[in-house]
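Notes for the one structure printed next.
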2 protein chains.
Amino acid sequence: MRHALGIDVGGTKIYSAVIDENGQIISDIEKHQTPKTFEDIKATFIQIIKKHEKDVDVIAFSTCGAVNNENTGIVGSTGNIAKEYPTMNFQSLSNKPVFVENDANCAAWAEYRIGASKGTKVSVMITLGTGVGGGIIINNTLLKGQNGAAGEMHFKMSMDKHRKCTCGSWDCFEIYASGKGLKITAEEMLENKDVTTYDVVEGVQKCNPKMREILEKWQTDIANGLIGLANIFDPDCIVLSGSMAEFVDTDFVENIVNSEICTTPTKIVKAQAGNYSGMIGAALLGLAKV
Amino acid sequence: MRHALGIDVGGTKIYSAVIDENGQIISDIEKHQTPKTFEDIKATFIQIIKKHEKDVDVIAFSTCGAVNNENTGIVGSTGNIAKEYPTMNFQSLSNKPVFVENDANCAAWAEYRIGASKGTKVSVMITLGTGVGGGIIINNTLLKGQNGAAGEMHFKMSMDKHRKCTCGSWDCFEIYASGKGLKITAEEMLENKDVTTYDVVEGVQKCNPKMREILEKWQTDIANGLIGLANIFDPDCIVLSGSMAEFVDTDFVENIVNSEICTTPTKIVKAQAGNYSGMIGAALLGLAKV
């Protein structure tokens, strides 16, 4: 059986492991803090690769940032990581084939191959974390777009400039559906700038009705965004992943979505491929390509 | 060279013509009013088909309503046409192969094969008419979804329930970007229920500044919707077709879109495949399938 070295690169952590063709992690999982500088990130990559490259068929990166259609490098900027990072020449890091894909796309692929969207024709995966990511799979292929940047979940939920989004625009789905979105919803409904997402979650656990109302508003906003995606893609399912997904009542959201769409009923489900789905998806995509 | 009988079925008119593999119309174009009853619609189809079926390789319908992934029949309801119409057994109408596809999808395909999006990898076509239709082409394939209903341009532009949409939901792109959307924008900005889209268009031609402001608001709403589509699909281009497209300043819209997206710059262009693009697209799709 062939193997990949999966490397998941985020703004704060780098994870790596050896993964087989079935998406099984067959080594220890290594964790590094993401270094602050380009040179130190590169050195970390080389250190990880040196250790495992003789045992694998491909080095597969799951990375923050949009990745080109050749799966060789990053398109555009990447937020909270060394600003020269997008210029990384990934192939130069190893003599083995190197494959690169966007982290949300990788996670979506892992869900499709071994997780919640297995066997579907059209699936949309949404990562609800500090921000919101997206990966769309149509007929066994990731939606990449003209330059690899597709799947950005920045569509407007309002035209009234209520909330400035991290992307620089206003009122994108991300700034409502993310953890940051939940915090802003809580701030608005409580008229208190100091409330945190943790306060909301803890309040709900303690049956605080106001906190429940806030969480419900946040989920309704998510549903309002998913209605659009369901009408555009007519997907078999929409998979919710990421750290905030656990606070979503998928039945509640699915009921709203299916009562408002003009396409055919879809399923809202939680991710099942686990915390290392990025790394696993990268490995499976990389192995399919070499 | 092979030929198709293209039949374009709308709520008010039925057009038909013989079309070749290059998308050229090689017969007269027949026009019928769309009959009120299912039986009369069927009789009209049979009359059209009888006349041409011996000369063609496929009967290709471009129809209102979502069409299944087998291209044999309609999924769900279809608005202002006989309510039994979606139950039509299209194949029973002829001994030649019969192909059916949604009209916006057909028009998008015509643009892709012989029009404004020729040679692109990812294109989104938006039909701006009384309502709004959509057709999305990714890597030489129409986006159909799990059941064929994909491409519905019903994503929310607001969560405040400003405008009831024809689909039964609220504040969809359609109810802002359509001709009806322009009328509502004019009603709101003039506080006058009697204003028509014609009044706006005529006012702009006569350099009425208020009418110009209304038309600009309508185009800004269109741009706000296209930002989301550009972020989701990272398309080479977005094609605007339909009767209302002529009132759109594509440079104005493209500038707004490209200044707000977080993907890569796209082009906003007008349709070039002409008024019979539905019929032509159906013919080209049908010929490719038989």
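Letters A, B, ... mark the chains of the structure tokens in the order given; residue numbers begin at 1 per chain; ligand numbers begin at 1, in order shown.
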
Got a sec to pull out which chain A residues are within 6 Å of chain B, counting only C-alpha atoms, and send them as number ranges by chain? A: 122, 145-146, 149-152, 154-155, 157-158, 169, 228, 231-236, 260, 263

Could you name the residues that touch range 36-51 of chain B at 7 Å or less, counting only C-alpha atoms, but leaving out those on the same chain fewer than 2 positions away, as a PDB file with C-alpha atoms, in the first residue's frame?
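So selection-v2.pdb came out as:
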ATOM      1  CA  THR B  34     -47.950  28.695 -24.895  1.00  0.00           C
ATOM      2  CA  GLU B  53     -38.468  14.810 -36.674  1.00  0.00           C
ATOM      3  CA  ALA B  82     -50.245  24.615 -16.867  1.00  0.00           C
ATOM      4  CA  GLU B  84     -49.652  19.402 -14.914  1.00  0.00           C
ATOM      5  CA  TYR B  85     -46.870  20.436 -17.309  1.00  0.00           C
ATOM      6  CA  LEU B  93     -43.665  12.621 -27.994  1.00  0.00           C
TER       7      LEU B  93
END

I need the strand (DSSP E) residues of range 189-267 of chain A per DSSP on the backbone, written as an MDAnalysis selection string. chainID A and resid 237:241 267

So what do you get for CA of Gly79 in chain B versus CA of Tyr15 in chain B, distance-wise?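 Between CA of Gly79 in chain B and CA of Tyr15 in chain B the gap is 18.5 Å.
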
Nearest to Ser243 in chain B by atom-to-atom distance, counting only C-alpha atoms, from B:Lys270, B:Ile26, B:Lys217, B:Ile114: B:Lys270

List the spatial neighbours of His3 in chain B as a list in words - criterion: any atom at most 7 Å away, only C-alpha atoms, same-chain residues fewer than 5 positions off excluded.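 Answer for this query is Val18, Ile19, Asp20, Glu21, Val56 and Asp57 of chain B.
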
Export, as a JSON list (two decimals), in the first residue's frame, the selected residues with C-alpha atoms.
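Wrote it out as result.json, contents follow:
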[["chain", "number", "residue", "atom", "x", "y", "z"],
["B", 18, "VAL", "CA", -33.76, 23.08, -36.63],
["B", 19, "ILE", "CA", -30.21, 23.67, -35.39],
["B", 20, "ASP", "CA", -26.93, 22.14, -36.53],
["B", 21, "GLU", "CA", -23.89, 20.94, -34.57],
["B", 56, "VAL", "CA", -33.13, 15.57, -37.11],
["B", 57, "ASP", "CA", -31.14, 13.30, -34.78]]

Which residues are near Val9 in chain B? Cut-off 8 Å, only C-alpha atoms, ignore same chain within fewer than 4 positions. Put them as a ChimeraX atom specification. /B:13-15,34,61-64,103

Export of the given selection (N, CA and C atoms) as an mmCIF file, in the first residue's frame:
data_model
loop_
_atom_site.group_PDB
_atom_site.id
_atom_site.type_symbol
_atom_site.label_atom_id
_atom_site.label_comp_id
_atom_site.auth_asym_id
_atom_site.auth_seq_id
_atom_site.Cartn_x
_atom_site.Cartn_y
_atom_site.Cartn_z
ATOM 1 N N LYS B 13 -44.442 31.802 -24.422
ATOM 2 C CA LYS B 13 -44.162 31.464 -25.831
ATOM 3 C C LYS B 13 -43.418 30.138 -25.962
ATOM 4 N N ILE B 14 -43.649 29.492 -27.097
ATOM 5 C CA ILE B 14 -42.874 28.312 -27.479
ATOM 6 C C ILE B 14 -42.197 28.614 -28.818
ATOM 7 N N TYR B 15 -40.857 28.522 -28.844
ATOM 8 C CA TYR B 15 -40.107 28.728 -30.082
ATOM 9 C C TYR B 15 -39.524 27.399 -30.538
ATOM 10 N N THR B 34 -47.886 29.893 -25.736
ATOM 11 C CA THR B 34 -47.950 28.695 -24.895
ATOM 12 C C THR B 34 -49.414 28.456 -24.511
ATOM 13 N N PHE B 61 -35.432 19.884 -25.898
ATOM 14 C CA PHE B 61 -36.271 20.883 -25.242
ATOM 15 C C PHE B 61 -35.461 21.748 -24.284
ATOM 16 N N SER B 62 -35.625 23.038 -24.383
ATOM 17 C CA SER B 62 -35.175 23.992 -23.378
ATOM 18 C C SER B 62 -36.437 24.441 -22.654
ATOM 19 N N THR B 63 -36.570 24.103 -21.378
ATOM 20 C CA THR B 63 -37.853 24.349 -20.718
ATOM 21 C C THR B 63 -37.731 25.122 -19.412
ATOM 22 N N CYS B 64 -38.779 25.840 -19.055
ATOM 23 C CA CYS B 64 -38.883 26.394 -17.717
ATOM 24 C C CYS B 64 -38.940 25.215 -16.738
ATOM 25 N N ASP B 103 -34.102 25.853 -19.104
ATOM 26 C CA ASP B 103 -33.817 26.925 -20.066
ATOM 27 C C ASP B 103 -32.593 27.773 -19.721
#

Looking only at the backbone, which of the residues in range 105-237 of chain B does DSSP tag as alpha helix (DSSP H), as a ChimeraX atom specification? /B:105-114,174-177,179-190,197-205,209-233

Using Å and a single decimal, report how far CA of Gly73 in chain A sits from CA of Gly242 in chain A.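 About the pair CA of Gly242 in chain A and CA of Gly73 in chain A: they are 24.1 Å apart.
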
I'd like to know which of B:Leu190, B:Val195, B:Ala288, B:Leu128 is closest to Val248 in chain B, using only C-alpha atoms.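 Closest candidate: B:Leu128.
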
Can you pull out every residue within 7 Å of Lys183 in chain A, counting only C-alpha atoms, but drop anything in the same chain fewer than 4 positions away, and send it as a list in words? Gly179, Glu187, Val195, Thr196 and Thr197 of chain A

Write out as a list of chain:residue names the residues lying within 7 Å of Tyr176 in chain A, counting only C-alpha atoms and excluding same-chain residues fewer than 4 positions away.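 Listing them by chain and then by number gives A:Gly181, A:Leu182, A:Trp218, A:Asp221.
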
Prev. selection, N, CA and C atoms, output as a CSV table (one decimal), in the first residue's frame:
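That gives us result.csv:
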chain,number,residue,atom,x,y,z
A,181,GLY,N,-18.6,35.7,14.7
A,181,GLY,CA,-20.0,36.1,14.4
A,181,GLY,C,-20.9,35.9,15.6
A,182,LEU,N,-20.7,34.7,16.3
A,182,LEU,CA,-21.5,34.4,17.5
A,182,LEU,C,-21.2,35.5,18.5
A,218,TRP,N,-27.8,32.9,16.1
A,218,TRP,CA,-26.5,32.6,15.3
A,218,TRP,C,-26.8,31.4,14.4
A,221,ASP,N,-28.9,32.5,11.5
A,221,ASP,CA,-28.1,33.2,10.5
A,221,ASP,C,-27.3,32.2,9.6

What lies within 10 Å of Phe99 in chain B using only C-alpha atoms, ignoring chain neighbours under 4 positions off, as a list in words?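 Returned residues: Ala4, Gly6, Val58, Ile59, Ala60, Phe61, Ser62, Glu70, Asn71, Thr72, Gly73, Phe90, Gln91, Ala282, Ala283, Leu285, Gly286, Leu287, Lys289 and Val290 of chain B.
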
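Closest to Glu202 in chain A among A:Ile222, A:Ile29, A:Ser16, A:Phe247 is A:Phe247, based on only C-alpha atoms.
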